[in-house]
>>> print(open('work-v8.txt').read())   # compact mmCIF, C-alpha atoms
# COMPACT_ATOMS: atom_id res chain seq x y z
CA MET A 1 205.52 3.64 134.11
CA ILE A 2 204.48 0.17 132.92
CA SER A 3 202.00 -1.36 135.33
CA SER A 4 202.40 -4.92 136.58
CA ASN A 5 199.27 -5.82 134.61
CA ALA A 6 200.83 -4.45 131.44
CA GLN A 7 204.11 -6.28 132.12
CA ALA A 8 202.21 -9.53 132.65
CA GLY A 9 200.23 -8.80 129.49
CA ILE A 10 203.35 -8.24 127.40
CA GLU A 11 204.85 -11.44 128.77
CA SER A 12 201.67 -13.41 128.00
CA ILE A 13 201.54 -12.00 124.48
CA LEU A 14 205.21 -12.90 123.94
CA PHE A 15 204.62 -16.44 125.25
CA LYS A 16 201.63 -16.90 122.98
CA ALA A 17 203.49 -15.56 119.93
CA ALA A 18 206.55 -17.72 120.67
CA ARG A 19 204.49 -20.87 121.18
CA SER A 20 202.47 -20.27 118.01
CA ARG A 21 205.28 -19.20 115.66
CA LEU A 22 208.59 -20.71 116.80
CA PRO A 23 207.69 -24.45 116.69
CA GLN A 24 207.77 -25.59 113.08
CA GLN A 25 205.30 -28.44 113.63
CA PRO A 26 202.00 -28.18 115.50
CA ASP A 27 202.88 -31.02 117.87
CA ASP A 28 206.31 -29.67 118.82
CA THR A 29 206.69 -28.67 122.47
CA CYS A 30 207.80 -25.17 123.44
CA GLU A 31 208.93 -24.49 127.01
CA ILE A 32 209.59 -20.91 128.11
CA VAL A 33 211.42 -20.09 131.34
CA PRO A 34 212.29 -16.59 132.57
CA LEU A 35 216.04 -15.83 132.79
CA ALA A 36 217.63 -13.97 135.66
CA HIS A 37 219.75 -11.78 133.38
CA ALA A 38 218.41 -9.47 130.75
CA HIS A 39 220.76 -10.82 128.14
CA ASP A 40 222.30 -14.19 127.45
CA SER A 41 225.89 -13.53 128.47
CA THR A 42 227.00 -17.14 128.00
CA ARG A 43 227.13 -16.70 124.23
CA PRO A 44 228.81 -13.31 123.64
CA ASP A 45 230.04 -14.16 120.14
CA ALA A 46 226.63 -15.23 118.90
CA ASN A 47 224.39 -13.08 116.77
CA VAL A 48 220.90 -11.99 117.68
CA ILE A 49 217.91 -10.92 115.62
CA ILE A 50 216.25 -7.69 116.67
CA LEU A 51 212.86 -6.22 115.73
CA THR A 52 210.93 -3.19 116.94
CA ILE A 53 207.23 -2.54 117.46
CA SER A 54 206.53 1.18 117.77
CA SER A 55 203.51 3.04 119.02
CA ILE A 56 202.80 6.57 120.18
CA LEU A 57 203.19 5.47 123.80
CA PHE A 58 206.11 3.08 123.64
CA ARG A 59 208.61 1.14 121.60
CA LEU A 60 209.13 -2.54 122.14
CA LEU A 61 212.34 -4.25 121.08
CA LEU A 62 212.16 -8.00 120.63
CA VAL A 63 215.47 -9.82 120.52
CA PHE A 64 215.91 -13.49 119.59
CA HIS A 65 219.06 -15.41 120.44
CA PHE A 66 219.82 -18.46 118.29
CA ASP A 67 222.78 -20.80 118.38
CA ASP A 68 224.19 -21.68 114.99
CA ASP A 69 224.53 -25.32 116.02
CA THR A 70 223.50 -28.61 114.46
CA GLY A 71 220.30 -28.91 116.50
CA THR A 72 219.10 -25.43 115.52
CA ARG A 73 220.13 -25.90 111.91
CA ASP A 74 218.42 -29.29 111.65
CA TYR A 75 215.25 -28.03 113.25
CA PHE A 76 214.76 -24.75 111.39
CA ALA A 77 216.59 -25.23 108.08
CA ARG A 78 216.11 -28.92 107.38
CA GLN A 79 213.41 -28.46 104.76
CA THR A 80 214.27 -25.06 103.39
CA GLY A 81 216.61 -26.07 100.56
CA ASP A 82 219.05 -23.36 99.57
CA VAL A 83 217.76 -20.79 102.03
CA SER A 84 220.35 -19.99 104.70
CA LEU A 85 219.67 -20.62 108.39
CA GLN A 86 219.86 -16.88 109.02
CA ASP A 87 217.20 -16.13 106.41
CA VAL A 88 214.95 -18.83 107.87
CA LEU A 89 215.41 -17.44 111.37
CA LEU A 90 214.74 -13.90 110.15
CA GLU A 91 211.43 -15.11 108.72
CA VAL A 92 210.53 -17.03 111.88
CA CYS A 93 211.35 -14.03 114.08
CA ASN A 94 209.38 -11.76 111.79
CA LEU A 95 206.33 -14.00 112.09
CA CYS A 96 206.69 -14.19 115.87
CA CYS A 97 207.00 -10.41 116.21
CA GLY A 98 204.09 -10.03 113.80
CA ALA A 99 201.95 -12.23 116.06
CA MET A 100 202.86 -9.99 119.03
CA ASN A 101 202.02 -6.93 116.96
CA GLN A 102 198.61 -8.39 116.10
CA ASP A 103 197.80 -9.08 119.75
CA LEU A 104 199.03 -5.67 120.90
CA LEU A 105 196.77 -4.00 118.31
CA ARG A 106 193.82 -5.07 120.47
CA TYR A 107 195.04 -2.66 123.16
CA PHE A 108 196.93 0.00 121.19
CA GLN A 109 195.32 1.53 118.13
CA ASP A 110 198.42 2.74 116.33
CA LEU A 111 201.29 0.30 115.92
CA GLY A 112 204.01 -0.28 113.37
CA MET A 113 206.60 -2.99 113.08
CA SER A 114 210.14 -2.86 111.74
CA THR A 115 211.94 -5.38 109.62
CA PRO A 116 214.35 -7.72 111.46
CA TYR A 117 218.07 -7.00 111.70
CA VAL A 118 221.03 -9.10 112.82
CA LEU A 119 223.34 -7.78 115.54
CA SER A 120 226.15 -9.17 117.68
CA ALA A 121 225.01 -10.49 121.05
CA ARG A 122 227.68 -8.16 122.52
CA CYS A 123 225.29 -5.30 121.83
CA LEU A 124 222.71 -6.56 124.29
CA PRO A 125 224.27 -5.22 127.52
CA TYR A 126 223.62 -1.77 126.08
CA LEU A 127 219.87 -2.31 126.06
CA GLU A 128 220.07 -0.70 129.51
CA GLY A 129 221.33 2.41 127.74
CA LEU A 130 217.90 2.78 126.13
CA LYS A 131 216.52 3.29 129.66
CA PRO A 132 213.87 0.57 129.36
CA ASP A 133 210.87 0.50 131.66
CA TYR A 134 210.56 -3.24 131.20
CA LEU A 135 213.38 -5.63 130.31
CA SER A 136 213.07 -9.37 130.57
CA SER A 137 214.72 -12.43 129.03
CA TYR A 138 213.45 -15.95 128.55
CA ALA A 139 215.01 -19.31 127.73
CA ILE A 140 213.01 -21.17 125.10
CA THR A 141 213.37 -24.89 124.49
CA ILE A 142 211.65 -26.56 121.56
CA ASN A 143 211.14 -30.32 121.69
CA GLY A 144 213.47 -30.46 124.71
CA SER A 145 216.59 -30.00 122.57
CA VAL A 146 216.52 -26.85 120.43
CA ARG A 147 217.54 -24.01 122.72
CA LEU A 148 217.11 -20.34 122.04
CA ALA A 149 216.29 -17.22 124.02
CA ALA A 150 214.23 -14.09 123.70
CA THR A 151 214.56 -10.67 125.29
CA VAL A 152 211.81 -8.09 125.39
CA CYS A 153 212.70 -4.47 126.08
CA VAL A 154 210.00 -1.81 126.37
CA CYS A 155 210.72 1.91 126.56
CA ALA A 156 207.58 3.84 127.49
CA HIS A 157 206.90 7.52 126.89
CA ALA A 158 203.69 7.53 128.95
CA PRO A 159 202.09 5.34 131.63
CA ILE A 160 201.01 2.02 130.16
CA ASP A 161 198.35 -0.12 131.74
CA PHE A 162 196.26 -2.84 130.16
CA VAL A 163 195.03 -6.31 131.01
CA ALA A 164 195.70 -8.82 128.27
CA ASP A 165 192.81 -11.11 127.49
CA MET A 166 194.46 -14.33 126.41
CA THR A 167 191.23 -16.32 126.24
CA ALA A 168 190.54 -15.33 122.63
CA VAL A 169 190.68 -18.14 120.08
CA GLU A 170 193.91 -18.04 118.14
CA GLU A 171 193.59 -17.31 114.45
CA THR A 172 194.84 -20.16 112.37
CA SER A 173 195.50 -18.12 109.26
CA GLY A 174 199.08 -16.88 109.18
CA GLU A 175 199.53 -13.25 108.34
CA LEU A 176 202.16 -12.33 105.77
CA GLU A 177 204.73 -9.93 107.12
CA LEU A 178 206.67 -8.38 104.26
CA PHE A 179 210.26 -7.35 104.71
CA MET B 1 40.71 34.65 103.02
CA LYS B 2 42.28 37.55 104.78
CA GLN B 3 43.10 35.34 107.61
CA TYR B 4 44.85 33.03 105.33
CA LEU B 5 46.73 35.89 103.77
CA LEU B 6 47.81 37.19 107.15
CA ALA B 7 48.81 33.82 108.24
CA ALA B 8 50.78 33.44 105.05
CA MET B 9 52.37 36.82 105.53
CA ALA B 10 53.12 36.10 109.15
CA GLY B 11 54.62 32.81 108.10
CA ALA B 12 56.67 34.60 105.47
CA VAL B 13 57.85 37.19 107.99
CA ALA B 14 58.71 34.49 110.49
CA THR B 15 60.56 32.60 107.80
CA ALA B 16 62.32 35.74 106.75
CA ILE B 17 63.30 36.48 110.37
CA LEU B 18 64.39 32.94 110.79
CA ALA B 19 66.32 33.14 107.57
CA VAL B 20 67.96 36.38 108.69
CA LEU B 21 68.87 34.86 112.04
CA LEU B 22 70.18 31.79 110.40
CA HIS B 23 72.08 33.91 108.00
CA LYS B 24 73.68 35.93 110.86
CA TRP B 25 74.45 32.81 112.85
CA ASP B 26 76.04 31.28 109.77
CA LYS B 27 78.00 34.45 109.11
CA ALA B 28 79.15 34.63 112.70
CA ARG B 29 80.25 31.01 112.63
CA THR B 30 82.08 31.62 109.34
CA LEU B 31 83.75 34.65 110.83
CA ASN B 32 84.76 32.68 113.87
CA ARG B 33 86.14 29.93 111.69
CA LEU B 34 88.02 32.40 109.52
CA GLN B 35 89.24 34.22 112.62
CA SER B 36 90.44 30.93 114.04
CA GLU B 37 92.15 30.00 110.80
CA ALA B 38 93.71 33.43 110.60
CA ASP B 39 94.95 33.14 114.19
CA SER B 40 96.31 29.72 113.42
CA LYS B 41 98.10 31.01 110.32
CA ILE B 42 99.42 34.01 112.24
CA LYS B 43 100.71 31.70 114.92
CA THR B 44 102.29 29.44 112.31
CA LEU B 45 103.80 32.38 110.54
CA THR B 46 105.06 33.77 113.85
CA GLN B 47 106.70 30.47 114.65
CA THR B 48 108.14 30.21 111.15
CA ASN B 49 109.40 33.73 111.48
CA ALA B 50 111.00 32.92 114.82
CA GLN B 51 112.63 29.85 113.34
CA GLN B 52 113.89 31.78 110.37
CA SER B 53 115.24 34.45 112.69
CA ALA B 54 117.05 31.76 114.65
CA SER B 55 118.32 30.30 111.41
CA ILE B 56 119.49 33.70 110.27
CA ASN B 57 121.23 34.23 113.60
CA GLU B 58 122.81 30.81 113.34
CA ALA B 59 123.82 31.48 109.75
CA GLU B 60 125.31 34.82 110.80
CA GLN B 61 127.20 33.12 113.60
CA LYS B 62 128.49 30.49 111.20
CA THR B 63 129.44 33.21 108.80
CA ARG B 64 131.40 34.96 111.55
CA GLN B 65 133.06 31.67 112.48
CA LEU B 66 133.92 31.02 108.84
CA GLU B 67 135.33 34.51 108.52
CA SER B 68 137.39 33.93 111.63
CA SER B 69 138.58 30.61 110.26
CA ILE B 70 139.45 32.20 106.94
CA ALA B 71 141.40 34.88 108.74
CA ARG B 72 143.20 32.26 110.81
CA LEU B 73 143.90 30.14 107.74
CA SER B 74 145.18 33.20 105.96
CA GLU B 75 147.53 33.88 108.85
CA ASP B 76 148.63 30.22 108.83
CA LEU B 77 149.18 30.36 105.11
CA ALA B 78 151.24 33.49 105.45
CA ARG B 79 153.22 31.97 108.27
CA GLN B 80 153.76 28.72 106.37
CA SER B 81 154.74 30.61 103.28
CA LYS B 82 157.29 32.47 105.35
CA SER B 83 158.41 29.21 106.95
CA ALA B 84 158.65 27.52 103.54
CA GLY B 85 160.83 30.37 102.40
CA GLU B 86 163.05 29.98 105.43
CA ASP B 87 163.15 26.20 104.88
CA ARG B 88 164.15 26.72 101.26
CA ALA B 89 166.92 29.05 102.39
CA ALA B 90 168.01 26.55 105.07
CA LEU B 91 167.93 23.74 102.51
CA ALA B 92 170.02 25.77 100.13
CA ALA B 93 172.48 26.52 102.96
CA ALA B 94 172.53 22.84 103.96
CA LEU B 95 173.19 21.82 100.37
CA GLU B 96 176.01 24.31 100.22
CA ASP B 97 177.38 22.96 103.52
CA LYS B 98 177.09 19.44 102.15
CA GLU B 99 179.05 20.41 99.07
CA GLN B 100 181.71 22.00 101.25
CA LEU B 101 181.84 18.91 103.49
CA LEU B 102 182.05 16.71 100.43
CA ASP B 103 184.89 18.82 99.15
CA GLN B 104 186.65 18.69 102.53
CA ALA B 105 186.16 14.90 102.76
CA ARG B 106 187.70 14.55 99.30
CA ARG B 107 190.60 16.79 100.31
CA ILE B 108 191.17 14.85 103.56
CA ALA B 109 191.15 11.55 101.65
CA GLY B 110 193.48 13.04 99.07
CA GLU B 111 195.85 14.42 101.70
CA ALA B 112 195.85 11.10 103.60
CA SER B 113 196.57 9.29 100.36
CA ARG B 114 199.33 11.72 99.49
CA LEU B 115 200.91 11.59 102.96
CA LYS B 116 201.06 7.80 102.79
CA SER B 117 203.98 8.34 100.44
CA LEU B 118 205.86 9.41 103.59
CA ALA B 119 206.45 5.67 103.98
CA ALA B 120 209.03 5.98 101.23
CA THR B 121 210.79 8.69 103.25
CA PHE B 122 210.88 6.47 106.33
CA GLU B 123 212.21 3.61 104.25
CA ARG B 124 214.90 5.93 102.88
CA TRP B 125 215.93 6.76 106.44
CA HIS B 126 215.96 3.06 107.22
CA GLU B 127 218.23 2.44 104.25
CA GLN B 128 220.60 4.98 105.77
CA MET B 129 220.74 2.68 108.79
CA ILE B 130 222.02 -0.13 106.58
CA SER B 131 224.67 2.25 105.28
CA LEU B 132 225.64 3.34 108.80
CA MET B 133 225.72 -0.26 110.02
CA THR B 134 227.94 -1.23 107.09
CA GLN B 135 230.34 1.52 108.12
CA ASN B 136 230.16 0.24 111.71
CA GLN B 137 230.99 -3.26 110.49
CA ASP B 138 233.99 -1.82 108.65
CA MET B 139 235.09 -0.08 111.85
CA HIS B 140 234.58 -3.36 113.75
CA ALA B 141 236.87 -5.10 111.24
CA LYS B 142 239.53 -2.37 111.46
CA ASN B 143 239.36 -2.39 115.23
CA HIS B 144 239.70 -6.15 115.21
CA GLU B 145 242.79 -5.80 113.02
CA LEU B 146 244.13 -3.13 115.36
CA SER B 147 243.50 -5.45 118.30
CA SER B 148 245.45 -8.22 116.55
CA ILE B 149 248.34 -5.84 115.89
CA VAL B 150 248.34 -4.68 119.50
CA LYS B 151 248.40 -8.27 120.73
CA HIS B 152 251.31 -8.90 118.43
CA VAL B 153 253.09 -5.79 119.75
CA VAL B 154 252.59 -7.09 123.30
CA ILE B 155 254.24 -10.37 122.33
CA VAL B 156 257.07 -8.53 120.58
CA SER B 157 257.58 -6.27 123.59
CA LEU B 158 257.68 -9.31 125.87
CA ASN B 159 260.26 -10.93 123.62
CA ALA B 160 262.24 -7.67 123.63
CA SER B 161 262.15 -7.63 127.43
CA ILE B 162 263.41 -11.19 127.51
CA GLU B 163 266.22 -10.36 125.05
CA ALA B 164 267.08 -7.23 127.06
CA ALA B 165 267.30 -9.31 130.24
CA ARG B 166 269.63 -11.74 128.48
CA ALA B 167 271.88 -8.87 127.41
CA GLY B 168 272.40 -7.93 131.08
CA ASN B 169 273.67 -4.42 131.79
CA ALA B 170 274.03 -3.71 128.10
CA GLY B 171 270.36 -4.36 127.63
CA ARG B 172 269.03 -2.14 130.43
CA GLY B 173 268.18 0.74 128.14
CA PHE B 174 266.53 -1.63 125.73
CA ALA B 175 264.53 -3.17 128.61
CA VAL B 176 263.18 0.27 129.48
CA VAL B 177 262.16 0.79 125.86
CA ALA B 178 260.56 -2.70 125.69
CA SER B 179 258.66 -2.02 128.91
CA GLU B 180 257.43 1.29 127.57
CA VAL B 181 256.32 -0.38 124.33
CA ARG B 182 254.45 -3.04 126.37
CA ALA B 183 252.75 -0.31 128.41
CA LEU B 184 251.74 1.48 125.22
CA ALA B 185 250.47 -1.80 123.78
CA ALA B 186 248.41 -2.42 126.94
CA ARG B 187 246.91 1.05 126.67
CA SER B 188 246.21 0.43 122.98
CA GLU B 189 244.58 -2.87 123.86
CA GLU B 190 242.37 -1.19 126.42
CA LEU B 191 241.55 1.55 123.96
CA SER B 192 240.70 -1.03 121.30
CA ARG B 193 238.43 -2.90 123.76
CA SER B 194 236.73 0.34 124.71
CA TYR B 195 236.36 1.26 121.04
CA ARG B 196 234.83 -2.17 120.33
CA ASP B 197 232.34 -1.66 123.18
CA SER B 198 231.50 1.78 121.82
CA LEU B 199 230.90 0.29 118.41
CA HIS B 200 228.56 -2.32 119.88
CA ARG B 201 226.71 0.36 121.81
CA ASN B 202 226.55 2.37 118.60
CA ASP B 203 225.23 -0.69 116.71
CA LEU B 204 222.41 -1.15 119.18
CA THR B 205 221.51 2.53 119.42
CA THR B 206 221.58 2.96 115.64
CA THR B 207 219.50 -0.17 115.02
CA ALA B 208 216.98 0.66 117.76
CA THR B 209 216.62 4.23 116.51
CA PHE B 210 216.23 3.41 112.84
CA GLN B 211 213.90 0.48 113.53
CA ASP B 212 211.82 2.88 115.62
CA ILE B 213 211.76 5.28 112.65
CA GLN B 214 210.80 2.47 110.26
CA ALA B 215 208.11 1.06 112.56
CA GLY B 216 206.87 4.58 113.33
CA GLY B 217 206.62 5.20 109.59
CA LYS B 218 204.49 2.11 109.15
CA MET B 219 202.36 3.19 112.11
CA ILE B 220 201.79 6.61 110.53
CA THR B 221 201.04 5.03 107.14
CA ALA B 222 198.49 2.68 108.73
CA SER B 223 196.88 5.59 110.57
CA LEU B 224 196.70 7.62 107.36
CA SER B 225 195.04 4.65 105.66
CA SER B 226 192.43 4.65 108.42
CA VAL B 227 191.89 8.39 107.92
CA GLU B 228 191.54 7.84 104.17
CA VAL B 229 188.97 5.07 104.69
CA LEU B 230 186.98 7.22 107.14
CA ALA B 231 187.07 10.18 104.74
CA ASP B 232 185.92 7.92 101.88
CA GLN B 233 183.08 6.55 104.02
CA PHE B 234 182.08 10.10 105.00
CA GLU B 235 182.14 11.17 101.36
CA ALA B 236 180.04 8.13 100.38
CA ARG B 237 177.44 9.05 103.02
CA LEU B 238 177.26 12.63 101.75
CA HIS B 239 176.51 11.47 98.21
>>> encode(input="work-v8.txt", output="structure tokens")
Amino acid sequence: MISSNAQAGIESILFKAARSRLPQQPDDTCEIVPLAHAHDSTRPDANVIILTISSILFRLLLVFHFDDDTGTRDYFARQTGDVSLQDVLLEVCNLCCGAMNQDLLRYFQDLGMSTPYVLSARCLPYLEGLKPDYLSSYAITINGSVRLAATVCVCAHAPIDFVADMTAVEETSGELELF
Amino acid sequence: MKQYLLAAMAGAVATAILAVLLHKWDKARTLNRLQSEADSKIKTLTQTNAQQSASINEAEQKTRQLESSIARLSEDLARQSKSAGEDRAALAAALEDKEQLLDQARRIAGEASRLKSLAATFERWHEQMISLMTQNQDMHAKNHELSSIVKHVVIVSLNASIEAARAGNAGRGFAVVASEVRALAARSEELSRSYRDSLHRNDLTTTATFQDIQAGGKMITASLSSVEVLADQFEARLH
């Protein structure tokens, strides 16, 4: 129901959003590698952050997996003062999903985005229960040391086909996503 | 003397004859001249008359043309008067339509603005998700406690089996009971694991559903904003 062009488009949009929103400094590297499994089963006790982009034709669930380790904490929460790591990650994930939402708006007129929510990583095997038409996970490494993962799950209610044009110049102004 | 008188008389007669002849010749010439002048005047008058007749004919023709034009113009005027009346009626109808469209545009903008408050309804549903998820977390905690108890029961049942074995024949009945308790604990453990999985499935389904509702609400609100803007623009164009 989701064409290969659309799948490639969603992946490109995710990559672009992740590379533009996850690194905290402009010069930080961000490597993204597809994972064989739809969920990161090596860290079952970890928490994940989940967001949803809804349209008339589909709903897209975006799941971010973070380790609550020193590297992640130092990278994301070093300069945030009293704000907890989870709150910082919620904000980062919200911005990343917001960037995807902005790009998808070029192809789908009516879109809405949820606020982020924290779930146990043990929930992720049940993404299959939503009967997704497209489910894919990616390992993300920032600066070669901060490791996280992302899963995108799309449930379509109608055939989806679009070709993402990723040649457009990225907007430098960050949009404020309220939640 | 008589000769002279005769000669004088003859001369007088001759002169008189000559005078008469001259007089006739002069009269004839005058007549001819008058006749010629009369002919010339008649000819001139005839020509003038012909020209005037032509002019009269031309004037009559022009008069007919003018009458025809006046008739045509009268028809045009009547037609245009009728058309102007129809145009006035059409303009009045168009103005009425415009007022109705303006009213409808205002109502659409008002309805879109009013329906945007649906966002609060969607947010209320989303808040119910938080409540449901809190209950799920409570069930997770209770299930975790149950799992701990079951694990403890397994250990106790194992210890009971060991003690029963030590008691020998006297402990056979107790060994059966300990074994049964261990089997029940294993079933409880499996049930607890299954319940935990169900809770996780429930967590995901609940979150996905309520996030879809929340995102869908924002989508509808954004669409209604677009409708409101379009209705406002339409209203502004009608003004």
>>> atom_distance(input="work-v8.txt", atom1="atom CA of B:Leu21", atom2="atom CA of B:Met1")
29.6 Å
>>> closest_atom_pairs(input="work-v8.txt", of="chain A", to="chain B", cutoff="8 Å", atoms="all atoms listed in the file", output="CSV")
residue,atom,partner,partner_atom,distance
A:Leu51,CA,B:Gln211,CA,7.1
A:Thr52,CA,B:Gln211,CA,5.8
A:Ile53,CA,B:Ala215,CA,6.1
A:Ser54,CA,B:Ala215,CA,5.4
A:Ser55,CA,B:Gly216,CA,6.8
A:Arg59,CA,B:Asp212,CA,7.0
A:Leu61,CA,B:Ala208,CA,7.5
A:Asp110,CA,B:Met219,CA,5.8
A:Leu111,CA,B:Met219,CA,4.9
A:Gly112,CA,B:Met219,CA,4.0
A:Met113,CA,B:Ala215,CA,4.4
A:Ser114,CA,B:Ala215,CA,4.5
A:Thr115,CA,B:Gln211,CA,7.3
A:Tyr117,CA,B:Thr207,CA,7.7
A:Leu119,CA,B:Asp203,CA,7.4
A:Ser120,CA,B:His200,CA,7.6
A:Arg122,CA,B:His200,CA,6.5
A:Cys123,CA,B:His200,CA,4.8
A:Leu124,CA,B:Leu204,CA,7.4
A:Tyr126,CA,B:Arg201,CA,5.7
A:Leu127,CA,B:Leu204,CA,7.4
A:Leu130,CA,B:Thr205,CA,7.6
>>> closest_residue(input="work-v8.txt", among="A:Leu104, A:Ala46, A:Val33, A:Cys153", to="A:Leu60", atoms="all atoms listed in the file")
A:Cys153
>>> atom_distance(input="work-v8.txt", atom1="atom CA of B:Ala185", atom2="atom CA of B:Gly171")
20.4 Å
>>> atom_distance(input="work-v8.txt", atom1="atom CA of A:Thr70", atom2="atom CA of A:Asn143")
14.4 Å
>>> closest_residue(input="work-v8.txt", among="A:Asp67, A:Asp165, A:Glu91, A:Asp133", to="A:Gln7", atoms="only C-alpha atoms")
A:Asp133
>>> residues_around(input="work-v8.txt", residues="B:Ala236", least_positions_apart="6", cutoff="10 Å", atoms="all atoms listed in the file", output="MDAnalysis selection string")
chainID B and resid 102 105 230
>>> axis_aligned_box(input="work-v8.txt", around="stretch 98-111 of chain A", padding_each_side="5 Å", output="AutoDock Vina command-line options")
--center_x 199.0 --center_y -4.7 --center_z 118.5 --size_x 20.3 --size_y 25.0 --size_z 19.4
>>> residues_around(input="work-v8.txt", residues="B:Gly173", least_positions_apart="5", cutoff="12 Å", atoms="all atoms listed in the file", output="list in words")
Ala160, Ser161, Glu163, Ala164, Ala165, Ala167, Gly168, Ala178, Ser179 and Glu180 of chain B
>>> write_last_selection(input="work-v8.txt", atoms="C-alpha atoms", output="PDB file, keeping the file's coordinate frame")
ATOM      1  CA  ALA B 160     262.240  -7.670 123.630  1.00  0.00           C
ATOM      2  CA  SER B 161     262.150  -7.630 127.430  1.00  0.00           C
ATOM      3  CA  GLU B 163     266.220 -10.360 125.050  1.00  0.00           C
ATOM      4  CA  ALA B 164     267.080  -7.230 127.060  1.00  0.00           C
ATOM      5  CA  ALA B 165     267.300  -9.310 130.240  1.00  0.00           C
ATOM      6  CA  ALA B 167     271.880  -8.870 127.410  1.00  0.00           C
ATOM      7  CA  GLY B 168     272.400  -7.930 131.080  1.00  0.00           C
ATOM      8  CA  ALA B 178     260.560  -2.700 125.690  1.00  0.00           C
ATOM      9  CA  SER B 179     258.660  -2.020 128.910  1.00  0.00           C
ATOM     10  CA  GLU B 180     257.430   1.290 127.570  1.00  0.00           C
TER      11      GLU B 180
END
>>> build_atoms(input="work-v8.txt", residues="stretch 108-121 of chain A", atoms="N, CA and C atoms", output="compact mmCIF listing (two decimals), in the coordinates of the input")
# COMPACT_ATOMS: atom_id res chain seq x y z
N PHE A 108 196.33 -1.25 121.65
CA PHE A 108 196.93 0.00 121.19
C PHE A 108 196.57 0.21 119.73
N GLN A 109 195.90 1.32 119.46
CA GLN A 109 195.32 1.53 118.13
C GLN A 109 196.38 1.69 117.04
N ASP A 110 197.44 2.44 117.36
CA ASP A 110 198.42 2.74 116.33
C ASP A 110 199.72 2.01 116.62
N LEU A 111 200.05 1.06 115.76
CA LEU A 111 201.29 0.30 115.92
C LEU A 111 201.94 0.14 114.55
N GLY A 112 203.27 0.03 114.59
CA GLY A 112 204.01 -0.28 113.37
C GLY A 112 205.15 -1.20 113.73
N MET A 113 205.56 -2.01 112.78
CA MET A 113 206.60 -2.99 113.08
C MET A 113 207.75 -2.85 112.09
N SER A 114 208.96 -2.99 112.61
CA SER A 114 210.14 -2.86 111.74
C SER A 114 210.44 -4.19 111.06
N THR A 115 211.40 -4.14 110.18
CA THR A 115 211.94 -5.38 109.62
C THR A 115 213.02 -5.90 110.59
N PRO A 116 213.33 -7.18 110.53
CA PRO A 116 214.35 -7.72 111.46
C PRO A 116 215.76 -7.33 111.03
N TYR A 117 216.67 -7.31 112.00
CA TYR A 117 218.07 -7.00 111.70
C TYR A 117 218.96 -7.87 112.60
N VAL A 118 220.12 -8.23 112.08
CA VAL A 118 221.03 -9.10 112.82
C VAL A 118 222.12 -8.25 113.48
N LEU A 119 222.31 -8.49 114.78
CA LEU A 119 223.34 -7.78 115.54
C LEU A 119 224.19 -8.78 116.31
N SER A 120 225.34 -8.33 116.79
CA SER A 120 226.15 -9.17 117.68
C SER A 120 225.49 -9.21 119.06
N ALA A 121 225.57 -10.37 119.71
CA ALA A 121 225.01 -10.49 121.05
C ALA A 121 225.73 -9.56 122.03
